[in-house]
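Structure file my_file_11.txt with compact mmCIF, C-alpha atoms and all ligand atoms:
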# COMPACT_ATOMS: atom_id res chain seq x y z
CA MET N 1 90.13 120.40 104.82
CA THR N 2 93.69 119.30 104.03
CA TYR N 3 94.66 115.65 104.53
CA LYS N 4 98.29 115.01 105.31
CA ILE N 5 99.37 111.69 103.77
CA SER N 6 102.69 109.99 104.52
CA VAL N 7 103.85 108.05 101.48
CA ILE N 8 106.29 105.14 101.87
CA PRO N 9 107.44 103.96 98.41
CA GLY N 10 109.17 100.89 99.91
CA ASP N 11 111.42 98.41 98.09
CA GLY N 12 111.41 96.26 94.95
CA ILE N 13 108.36 97.15 92.86
CA GLY N 14 107.18 99.50 95.66
CA PRO N 15 108.39 102.81 94.15
CA GLU N 16 106.96 101.95 90.68
CA ILE N 17 103.46 101.17 91.94
CA THR N 18 103.48 103.95 94.56
CA GLU N 19 104.16 106.50 91.81
CA CYS N 20 100.96 105.30 90.08
CA ALA N 21 98.97 105.61 93.30
CA VAL N 22 100.30 109.11 93.93
CA ASN N 23 99.32 110.12 90.38
CA SER N 24 95.82 108.77 90.98
CA LEU N 25 95.60 110.82 94.16
CA LYS N 26 96.70 113.94 92.28
CA SER N 27 93.81 113.34 89.87
CA VAL N 28 91.42 112.81 92.80
CA SER N 29 92.61 116.08 94.29
CA GLU N 30 92.01 117.99 91.06
CA ARG N 31 88.72 116.33 90.12
CA PHE N 32 87.09 116.41 93.57
CA LYS N 33 88.80 119.49 95.03
CA ILE N 34 90.22 117.55 97.96
CA ASP N 35 93.47 118.94 99.30
CA PHE N 36 96.17 116.30 99.90
CA LYS N 37 99.56 117.15 101.34
CA MET N 38 101.68 114.13 100.40
CA ILE N 39 105.03 113.69 102.15
CA GLU N 40 107.40 110.98 100.99
CA VAL N 41 109.22 109.13 103.78
CA LYS N 42 111.67 106.24 103.73
CA ALA N 43 111.18 102.84 105.34
CA GLY N 44 112.29 99.29 104.59
CA ASP N 45 115.52 97.93 103.15
CA ILE N 46 116.32 101.26 101.52
CA ALA N 47 116.11 103.05 104.92
CA LEU N 48 118.11 100.30 106.62
CA LYS N 49 120.90 100.89 104.12
CA GLU N 50 120.78 104.69 104.41
CA PHE N 51 120.01 105.22 108.12
CA GLY N 52 120.84 101.85 109.72
CA LYS N 53 117.15 101.48 110.70
CA ALA N 54 114.27 100.08 108.63
CA LEU N 55 111.85 102.46 110.37
CA PRO N 56 113.89 105.60 111.15
CA ASP N 57 112.71 108.07 113.81
CA SER N 58 112.31 110.84 111.21
CA THR N 59 109.90 108.60 109.26
CA LEU N 60 107.97 107.68 112.38
CA ASN N 61 107.62 111.33 113.40
CA GLN N 62 106.28 112.29 109.98
CA ILE N 63 103.79 109.43 110.07
CA LYS N 64 102.66 110.40 113.58
CA SER N 65 101.83 113.90 112.35
CA SER N 66 99.82 112.60 109.33
CA ASP N 67 96.13 111.81 108.97
CA VAL N 68 96.85 108.64 107.08
CA CYS N 69 99.68 106.62 105.48
CA ILE N 70 100.04 104.81 102.17
CA LYS N 71 102.79 102.27 101.85
CA GLY N 72 104.37 100.29 99.06
CA PRO N 73 105.66 96.82 99.94
CA VAL N 74 109.02 96.54 101.71
CA GLY N 75 111.60 93.80 101.26
CA GLU N 76 113.48 91.73 103.83
CA SER N 77 112.84 94.21 106.66
CA ALA N 78 109.02 93.91 106.47
CA MET N 79 108.84 92.61 110.05
CA GLU N 80 110.63 95.73 111.35
CA VAL N 81 108.34 98.03 109.38
CA ILE N 82 104.75 96.86 108.98
CA VAL N 83 104.53 94.52 111.95
CA LYS N 84 106.09 97.22 114.16
CA MET N 85 103.78 99.92 112.81
CA ARG N 86 100.70 97.80 113.39
CA GLN N 87 101.69 97.48 117.04
CA LEU N 88 102.96 101.07 117.52
CA PHE N 89 99.81 102.66 116.02
CA ASP N 90 97.52 99.92 117.34
CA LEU N 91 96.23 99.21 113.83
CA TYR N 92 94.17 96.30 115.09
CA VAL N 93 92.15 95.61 111.93
CA ASN N 94 93.65 94.22 108.77
CA LEU N 95 91.02 94.43 106.08
CA ARG N 96 91.67 92.30 103.03
CA PRO N 97 88.87 92.24 100.46
CA ALA N 98 88.85 89.74 97.59
CA MET N 99 86.42 90.26 94.74
CA SER N 100 85.85 89.17 91.16
CA LEU N 101 86.96 91.91 88.78
CA PRO N 102 85.92 92.53 85.17
CA ASN N 103 87.79 90.56 82.55
CA ILE N 104 89.91 88.74 85.15
CA ASP N 105 90.13 84.96 85.39
CA SER N 106 89.01 83.89 88.85
CA LEU N 107 88.17 80.43 90.17
CA LYS N 108 84.51 81.39 90.46
CA GLU N 109 82.39 84.35 89.43
CA ASN N 110 80.67 86.63 91.97
CA ILE N 111 83.38 86.48 94.62
CA ASP N 112 82.84 89.30 97.09
CA LEU N 113 84.38 88.58 100.45
CA VAL N 114 86.43 90.42 103.00
CA ILE N 115 88.88 88.98 105.49
CA VAL N 116 88.93 90.86 108.80
CA ARG N 117 92.21 89.78 110.32
CA GLU N 118 93.24 90.55 113.91
CA ASN N 119 96.44 92.49 113.41
CA THR N 120 98.25 92.90 116.73
CA GLU N 121 98.51 89.51 118.45
CA ASP N 122 99.08 85.82 117.80
CA LEU N 123 102.45 84.44 116.70
CA TYR N 124 103.20 87.73 114.91
CA ARG N 125 104.03 89.43 118.18
CA GLY N 126 107.47 87.96 117.42
CA LEU N 127 107.90 86.51 120.93
CA GLU N 128 110.42 83.81 120.08
CA PHE N 129 113.33 82.36 121.99
CA ASN N 130 115.70 79.44 122.08
CA ALA N 131 115.25 76.82 124.78
CA GLY N 132 118.23 74.51 124.70
CA GLU N 133 117.98 72.42 121.57
CA SER N 134 114.48 73.74 120.85
CA ALA N 135 112.99 77.02 119.68
CA VAL N 136 109.76 78.44 121.08
CA ALA N 137 107.26 80.99 119.71
CA LEU N 138 104.54 82.39 121.96
CA ARG N 139 101.00 82.73 120.64
CA THR N 140 99.12 85.42 122.52
CA ILE N 141 95.36 85.92 122.15
CA SER N 142 93.46 88.31 124.41
CA LYS N 143 89.76 88.74 125.08
CA LYS N 144 90.03 92.49 124.50
CA ALA N 145 91.64 92.19 121.05
CA SER N 146 89.35 89.33 120.03
CA LYS N 147 86.22 91.24 121.01
CA ARG N 148 87.19 94.44 119.25
CA ILE N 149 88.05 92.66 115.99
CA ALA N 150 84.76 90.74 116.24
CA GLU N 151 82.86 93.99 116.71
CA TYR N 152 84.53 95.45 113.62
CA ALA N 153 83.66 92.33 111.59
CA PHE N 154 80.00 92.37 112.64
CA LYS N 155 79.65 96.09 111.91
CA MET N 156 81.16 95.46 108.49
CA ALA N 157 78.77 92.55 107.87
CA MET N 158 75.81 94.82 108.72
CA LYS N 159 76.76 96.96 105.71
CA ARG N 160 77.19 93.88 103.49
CA ARG N 161 75.37 90.52 103.21
CA LYS N 162 75.11 90.05 107.00
CA LYS N 163 77.16 86.84 107.21
CA VAL N 164 80.22 86.32 109.42
CA THR N 165 82.39 83.20 109.43
CA VAL N 166 84.77 82.87 112.37
CA VAL N 167 87.82 80.85 111.33
CA HIS N 168 89.96 79.09 113.94
CA LYS N 169 91.51 75.81 115.05
CA ALA N 170 90.00 75.56 118.52
CA ASN N 171 89.85 71.76 118.37
CA VAL N 172 93.66 71.80 118.70
CA LEU N 173 94.45 75.25 120.09
CA LYS N 174 91.80 74.86 122.76
CA ILE N 175 92.86 77.71 125.03
CA THR N 176 93.98 80.41 122.58
CA ASP N 177 91.53 79.85 119.74
CA GLY N 178 88.93 78.78 122.28
CA LEU N 179 89.13 82.28 123.76
CA PHE N 180 88.96 83.84 120.29
CA VAL N 181 85.82 81.94 119.27
CA GLU N 182 84.07 82.54 122.60
CA SER N 183 84.79 86.27 122.31
CA VAL N 184 83.36 86.38 118.78
CA LYS N 185 80.24 84.52 119.94
CA GLU N 186 79.79 86.95 122.82
CA ILE N 187 79.90 89.93 120.45
CA SER N 188 77.56 88.18 118.00
CA LYS N 189 74.75 88.53 120.58
CA GLN N 190 74.71 92.28 119.88
CA PHE N 191 74.20 91.64 116.14
CA LYS N 192 71.17 89.36 115.95
CA GLU N 193 70.60 90.12 112.26
CA VAL N 194 74.00 88.73 111.33
CA GLU N 195 74.32 85.01 110.69
CA LEU N 196 77.43 83.57 112.38
CA SER N 197 79.07 80.34 111.25
CA GLU N 198 82.31 78.62 112.25
CA LEU N 199 85.00 76.90 110.20
CA TYR N 200 88.30 75.29 111.09
CA VAL N 201 91.10 76.99 109.22
CA ASP N 202 91.91 73.92 107.11
CA ALA N 203 88.27 73.59 106.02
CA CYS N 204 88.19 77.30 105.25
CA ALA N 205 91.31 76.97 103.06
CA MET N 206 89.48 74.26 101.10
CA ASN N 207 86.14 76.09 100.87
CA LEU N 208 87.83 79.25 99.63
CA ILE N 209 88.68 77.22 96.54
CA ARG N 210 85.46 75.19 96.37
CA ASN N 211 82.87 77.90 97.01
CA PRO N 212 84.50 81.31 97.55
CA GLU N 213 81.30 83.09 96.47
CA ASP N 214 79.54 81.85 99.63
CA PHE N 215 81.76 83.89 101.96
CA ASP N 216 80.88 87.41 103.07
CA VAL N 217 82.97 88.46 106.11
CA ILE N 218 85.65 86.16 107.51
CA VAL N 219 87.01 87.07 110.95
CA THR N 220 90.14 85.32 112.14
CA THR N 221 93.41 85.55 114.04
CA ASN N 222 96.59 87.12 112.71
CA MET N 223 98.51 84.27 111.08
CA PHE N 224 95.48 82.41 109.71
CA GLY N 225 94.27 85.71 108.23
CA ASP N 226 97.62 86.34 106.59
CA ILE N 227 97.69 82.96 104.89
CA LEU N 228 94.00 82.82 103.92
CA SER N 229 94.09 86.31 102.40
CA ASP N 230 96.90 85.40 99.99
CA GLU N 231 94.83 82.38 99.01
CA ALA N 232 91.67 84.48 98.60
CA ALA N 233 93.62 87.01 96.51
CA GLN N 234 94.80 84.27 94.17
CA VAL N 235 91.34 82.70 93.93
CA ALA N 236 89.91 86.08 92.91
CA GLY N 237 92.53 86.83 90.28
CA GLY N 238 96.00 87.34 91.69
CA LEU N 239 98.14 89.22 94.20
CA GLY N 240 98.63 92.13 91.83
CA LEU N 241 94.95 93.03 92.30
CA ALA N 242 94.60 92.66 96.08
CA PRO N 243 94.42 95.80 98.26
CA SER N 244 94.46 96.03 102.05
CA ALA N 245 93.90 98.40 104.95
CA ASN N 246 95.39 98.48 108.46
CA ILE N 247 92.96 100.36 110.65
CA GLY N 248 93.09 101.70 114.21
CA GLU N 249 90.83 104.03 116.18
CA ASN N 250 92.08 107.26 114.59
CA PHE N 251 94.77 106.31 112.13
CA ALA N 252 95.07 103.95 109.19
CA LEU N 253 97.64 102.65 106.75
CA PHE N 254 96.90 101.33 103.26
CA GLU N 255 99.08 98.93 101.27
CA PRO N 256 98.82 96.13 98.71
CA VAL N 257 98.66 92.56 100.08
CA HIS N 258 101.65 91.51 97.98
CA GLY N 259 105.34 91.81 98.81
CA ALA N 260 108.19 93.67 97.12
CA ALA N 261 108.34 91.11 94.26
CA PRO N 262 112.11 91.44 93.65
CA ASP N 263 111.82 89.02 90.71
CA ILE N 264 110.09 91.67 88.57
CA ALA N 265 111.37 94.90 90.14
CA GLY N 266 112.60 97.48 87.66
CA ASN N 267 111.27 95.88 84.49
CA GLY N 268 108.00 97.83 84.38
CA THR N 269 105.68 94.84 84.56
CA ALA N 270 104.42 95.28 88.13
CA ASN N 271 100.65 95.56 88.37
CA PRO N 272 99.75 98.87 90.10
CA ILE N 273 96.09 97.91 90.68
CA ALA N 274 96.48 96.44 94.19
CA MET N 275 98.12 99.69 95.24
CA ILE N 276 95.55 101.89 93.48
CA LEU N 277 92.64 99.93 95.00
CA SER N 278 94.32 100.49 98.39
CA ILE N 279 93.90 104.22 97.68
CA LYS N 280 90.21 103.54 97.15
CA LEU N 281 90.07 101.93 100.61
CA MET N 282 91.88 104.99 102.00
CA LEU N 283 89.27 107.33 100.51
CA GLU N 284 86.46 105.22 101.96
CA TRP N 285 88.13 105.32 105.37
CA LEU N 286 88.56 109.11 105.15
CA SER N 287 84.91 109.48 104.18
CA ASN N 288 83.84 107.46 107.26
CA ASN N 289 86.36 108.77 109.70
CA LYS N 290 86.30 112.44 108.73
CA LYS N 291 82.69 112.45 107.55
CA ASP N 292 83.75 113.73 104.14
CA GLU N 293 81.27 112.94 101.37
CA LYS N 294 83.72 114.09 98.68
CA CYS N 295 86.06 111.23 99.62
CA LEU N 296 83.28 108.67 99.12
CA ASN N 297 82.60 109.98 95.61
CA ALA N 298 86.32 109.96 94.91
CA ALA N 299 86.54 106.31 96.05
CA LYS N 300 83.79 105.44 93.53
CA ALA N 301 85.75 107.24 90.80
CA VAL N 302 88.93 105.29 91.59
CA GLU N 303 87.03 102.01 91.51
CA LYS N 304 85.36 102.90 88.21
CA ALA N 305 88.68 103.90 86.65
CA VAL N 306 90.21 100.55 87.62
CA TYR N 307 87.19 98.55 86.43
CA ASP N 308 87.06 100.44 83.12
CA SER N 309 90.73 99.83 82.45
CA LEU N 310 90.28 96.09 83.04
CA LYS N 311 87.17 96.02 80.85
CA ASN N 312 89.27 97.58 78.11
CA ASN N 313 91.85 94.84 78.55
CA ILE N 314 94.46 97.23 79.89
CA LYS N 315 96.40 94.67 81.89
CA THR N 316 99.90 93.74 82.99
CA LYS N 317 101.70 90.57 82.00
CA GLU N 318 100.88 88.42 85.07
CA ILE N 319 97.14 88.69 84.28
CA GLY N 320 97.52 88.12 80.56
CA GLY N 321 98.14 91.65 79.25
CA THR N 322 101.00 93.53 77.65
CA LYS N 323 100.77 96.95 79.28
CA LYS N 324 103.49 98.43 81.47
CA THR N 325 103.03 99.70 85.03
CA LYS N 326 103.35 103.38 84.08
CA GLU N 327 100.94 103.18 81.14
CA ILE N 328 98.24 101.66 83.32
CA GLY N 329 98.89 104.20 86.06
CA ASN N 330 98.53 107.07 83.55
CA ILE N 331 95.33 105.66 82.03
CA ILE N 332 93.72 105.23 85.46
CA ALA N 333 94.82 108.69 86.63
CA SER N 334 93.38 110.33 83.52
CA SER N 335 90.15 108.34 83.83
CA ILE N 336 89.72 109.60 87.42
CA LEU N 337 90.26 113.15 86.21
CA ASN N 338 87.47 112.72 83.63
CA TYR N 339 85.07 110.89 85.97
CA LYS N 340 81.40 111.73 85.50
CA SER N 341 79.17 110.81 88.42
P1 LIG N 401 106.34 88.63 100.92
O1 LIG N 401 106.90 87.47 101.68
O2 LIG N 401 106.86 89.96 101.37
O3 LIG N 401 104.84 88.61 100.80
P2 LIG N 401 107.04 87.27 98.45
O4 LIG N 401 108.31 87.41 97.68
O5 LIG N 401 106.73 86.00 99.12
O6 LIG N 401 106.92 88.53 99.45
P3 LIG N 401 105.49 88.68 96.62
O7 LIG N 401 106.57 89.70 96.60
O8 LIG N 401 104.17 89.13 97.05
O9 LIG N 401 105.83 87.49 97.52
O10 LIG N 401 105.42 88.01 95.18
C1 LIG N 401 104.91 86.70 94.94
C2 LIG N 401 104.79 86.50 93.44
O11 LIG N 401 103.74 87.33 92.93
C3 LIG N 401 106.05 86.89 92.68
O12 LIG N 401 106.29 85.98 91.65
C4 LIG N 401 105.73 88.24 92.10
O13 LIG N 401 106.37 88.50 90.89
C5 LIG N 401 104.21 88.23 91.95
N1 LIG N 401 103.66 89.58 92.23
C6 LIG N 401 103.46 90.13 93.44
N2 LIG N 401 102.98 91.36 93.33
C7 LIG N 401 102.84 91.62 92.01
C8 LIG N 401 102.38 92.74 91.24
N3 LIG N 401 101.95 93.88 91.82
N4 LIG N 401 102.39 92.65 89.90
C9 LIG N 401 102.79 91.53 89.28
N5 LIG N 401 103.25 90.43 89.95
C10 LIG N 401 103.27 90.47 91.30

Kindly transcribe the structure held in the file into structure tokens.
Ligand code: ATP
Amino acid sequence: MTYKISVIPGDGIGPEITECAVNSLKSVSERFKIDFKMIEVKAGDIALKEFGKALPDSTLNQIKSSDVCIKGPVGESAMEVIVKMRQLFDLYVNLRPAMSLPNIDSLKENIDLVIVRENTEDLYRGLEFNAGESAVALRTISKKASKRIAEYAFKMAMKRRKKVTVVHKANVLKITDGLFVESVKEISKQFKEVELSELYVDACAMNLIRNPEDFDVIVTTNMFGDILSDEAAQVAGGLGLAPSANIGENFALFEPVHGAAPDIAGNGTANPIAMILSIKLMLEWLSNNKKDEKCLNAAKAVEKAVYDSLKNNIKTKEIGGTKKTKEIGNIIASSILNYKS
């Protein structure tokens, strides 16, 4: 089986960290005999400059013919790239895990949570307009989207510690978040083994700092999920370590949570781990979606390579190390190649 992967290097630190991820995938391919056909495509500020469009048709066509996409962060044109792709490919789940990692300072030990963020609705539909002296943004929440994200969250919880927290602000946003919470509760009836609790988004923001280790699966709407996942990433150790997945019925896109970080672009200090752990999520998705056991083993190898490098204090500057992006990428790629199960 050959997997066709579209690769978007993106802007800022994107190309530097994407190169590391591609090298890791080459090692996976060699070590596990999985055939990847990787095709580089342009999107983001760089494409806007070259083609006048942040998401050119040629890029979209390549992505449409792929099994999966990996994407570095893009700069100012992020809205025209990732938000558009989530809607175009109906990537309705945004999975953002946050976990304690070896040798990394986190607020608490034993953090192991995942934010399941609804990815297609809410204020991020971009439905904004001027109304005289005012400006209006429309927040759309549907029963269909709320139920399907809830179902994903409960299924995920069944494979984990069987706890779901629905995060909302239904005391203020009575109609929109009211519909979201009711939909989650309706789905919860199909998952009697899973314990469901509720938190207002402000309380959740506080508890993520106070007792992050108590959370298992958090399910929430688009904007709350975006904000809380940056917080969770920082609580667990920093944005440079936080991977994410955008998942639809038959297609998925993997990218780090962080942005293009223009402040450090080009100086070789970008942490490639968020991007490499996104590859691990990709391999897990392939193993589930294509029923390919080899991909599951490969995902374990990627995780072990990352954990071993951190244990050996191979770290970038923002997490207290001195190593450069490329060095870390090479060490992880070679560790995958030498993985012993
Ligand atoms: P966006 O709005 O697209 O999320 P941003 O500029 O608000 O972008 P980031 O680009 O994510 O935020 O960067 C926030 C801070 O985190 C910056 O100081 C940046 O240097 C740092 N940072 C982000 N990613 C990494 C990384 N992979 N390695 C090291 N530092 C990083």

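Counting from CA of Ile328 (chain N), the distance to CA of Ile247 (chain N) is 27.9 Å.
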
Using the file's own x, y and z axes, so that the box edges lie along x, y and z, what centre and edge lengths in Å (one decimal) does a box around every listed atom of ligand LIG 401 (chain N) get when 4 Å is added on each side? Give it as lines of an AutoDock Vina configuration file.
center_x = 105.1
center_y = 89.9
center_z = 95.5
size_x = 14.4
size_y = 15.9
size_z = 20.4

Please return as a PDB file with C-alpha atoms, keeping the file's coordinate frame the residues found within 6 Å of ligand LIG 401 (chain N), counting all atoms listed in the file.
ATOM      1  CA  LEU N 239      98.140  89.220  94.200  1.00  0.00           C
ATOM      2  CA  GLY N 240      98.630  92.130  91.830  1.00  0.00           C
ATOM      3  CA  HIS N 258     101.650  91.510  97.980  1.00  0.00           C
ATOM      4  CA  GLY N 259     105.340  91.810  98.810  1.00  0.00           C
ATOM      5  CA  ALA N 260     108.190  93.670  97.120  1.00  0.00           C
ATOM      6  CA  ALA N 261     108.340  91.110  94.260  1.00  0.00           C
ATOM      7  CA  ASP N 263     111.820  89.020  90.710  1.00  0.00           C
ATOM      8  CA  ILE N 264     110.090  91.670  88.570  1.00  0.00           C
ATOM      9  CA  ALA N 270     104.420  95.280  88.130  1.00  0.00           C
ATOM     10  CA  ASN N 271     100.650  95.560  88.370  1.00  0.00           C
ATOM     11  CA  PRO N 272      99.750  98.870  90.100  1.00  0.00           C
ATOM     12  CA  GLU N 318     100.880  88.420  85.070  1.00  0.00           C
TER      13      GLU N 318
END

Counting only C-alpha atoms, which residues sit no farther than 12 Å from the position (93.5, 76.1, 102.9) in the file's frame? I'd like them as a list in words.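 Output: Val167, His168, Leu199, Tyr200, Val201, Asp202, Ala203, Cys204, Ala205, Met206, Asn207, Leu208, Ile209, Arg210, Pro212, Phe224, Gly225, Asp226, Ile227, Leu228, Ser229, Asp230, Glu231, Ala232 and Val235 of chain N.
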
Would you list the contacts of Phe251 (chain N) as a PyMOL selection string, taking every protein, DNA or RNA residue within 8 Å and counting all atoms listed in the file, but skipping same-chain residues closer than 5 positions in sequence? chain N and resi 67-68+89+91

Closest of N:Pro15, N:Gly268, N:Pro97, N:Pro102 to Val116 (chain N) - atom-to-atom distances counting only C-alpha atoms: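 For Val116 (chain N), the nearest of the candidates is N:Pro97.
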
Best match for closeness to Gly126 (chain N) among N:Met223, N:Ala43, N:Leu25, N:Ala98, counting only C-alpha atoms: N:Met223

Residues of region 2-79 of chain N at most 9 Å from region 278-301 of chain N: nearest atom pair and distance in Å, all atoms listed in the file, as CSV:
residue,atom,partner,partner_atom,distance
N:Tyr3,CA,N:Leu286,CA,9.0
N:Ala21,CA,N:Ile279,CA,6.8
N:Val22,CA,N:Ile279,CA,8.9
N:Ser24,CA,N:Ile279,CA,8.3
N:Leu25,CA,N:Ile279,CA,7.7
N:Val28,CA,N:Ala298,CA,6.2
N:Ser29,CA,N:Ala298,CA,8.8
N:Arg31,CA,N:Ala298,CA,8.3
N:Phe32,CA,N:Lys294,CA,6.5
N:Lys33,CA,N:Lys294,CA,8.3
N:Ile34,CA,N:Lys294,CA,7.4
N:Asp67,CA,N:Leu286,CA,8.9
N:Val68,CA,N:Met282,CA,8.0
N:Cys69,CA,N:Met282,CA,8.7
N:Ile70,CA,N:Ile279,CA,7.6

Could you check which of N:Thr269, N:Asn312, N:Thr220, N:Asn211 is closest to Tyr152 (chain N), using all atoms listed in the file?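 Result for the nearest residue to Tyr152 (chain N): N:Thr220.
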
Using all atoms listed in the file, pick whichever of N:Asn250, N:Ser197, N:Thr176, N:Thr18 has the shortest atom-to-atom distance to Gly72 (chain N).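 Smallest distance to Gly72 (chain N) is found for N:Thr18.
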
Can you measure CA of Glu198 (chain N) to CA of Lys163 (chain N) for me? One decimal in Å is fine.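 Separation between CA of Glu198 (chain N) and CA of Lys163 (chain N): 10.9 Å.
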
In terms of the shortest atom-to-atom distance over all atoms listed in the file, which of N:Leu179, N:Ile141, N:Leu196, N:Ala135 is closest to Val166 (chain N)? N:Leu196

Can you measure CA of Lys42 (chain N) to CA of Arg86 (chain N) for me? One decimal in Å is fine.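 Between CA of Lys42 (chain N) and CA of Arg86 (chain N) the gap is 16.9 Å.
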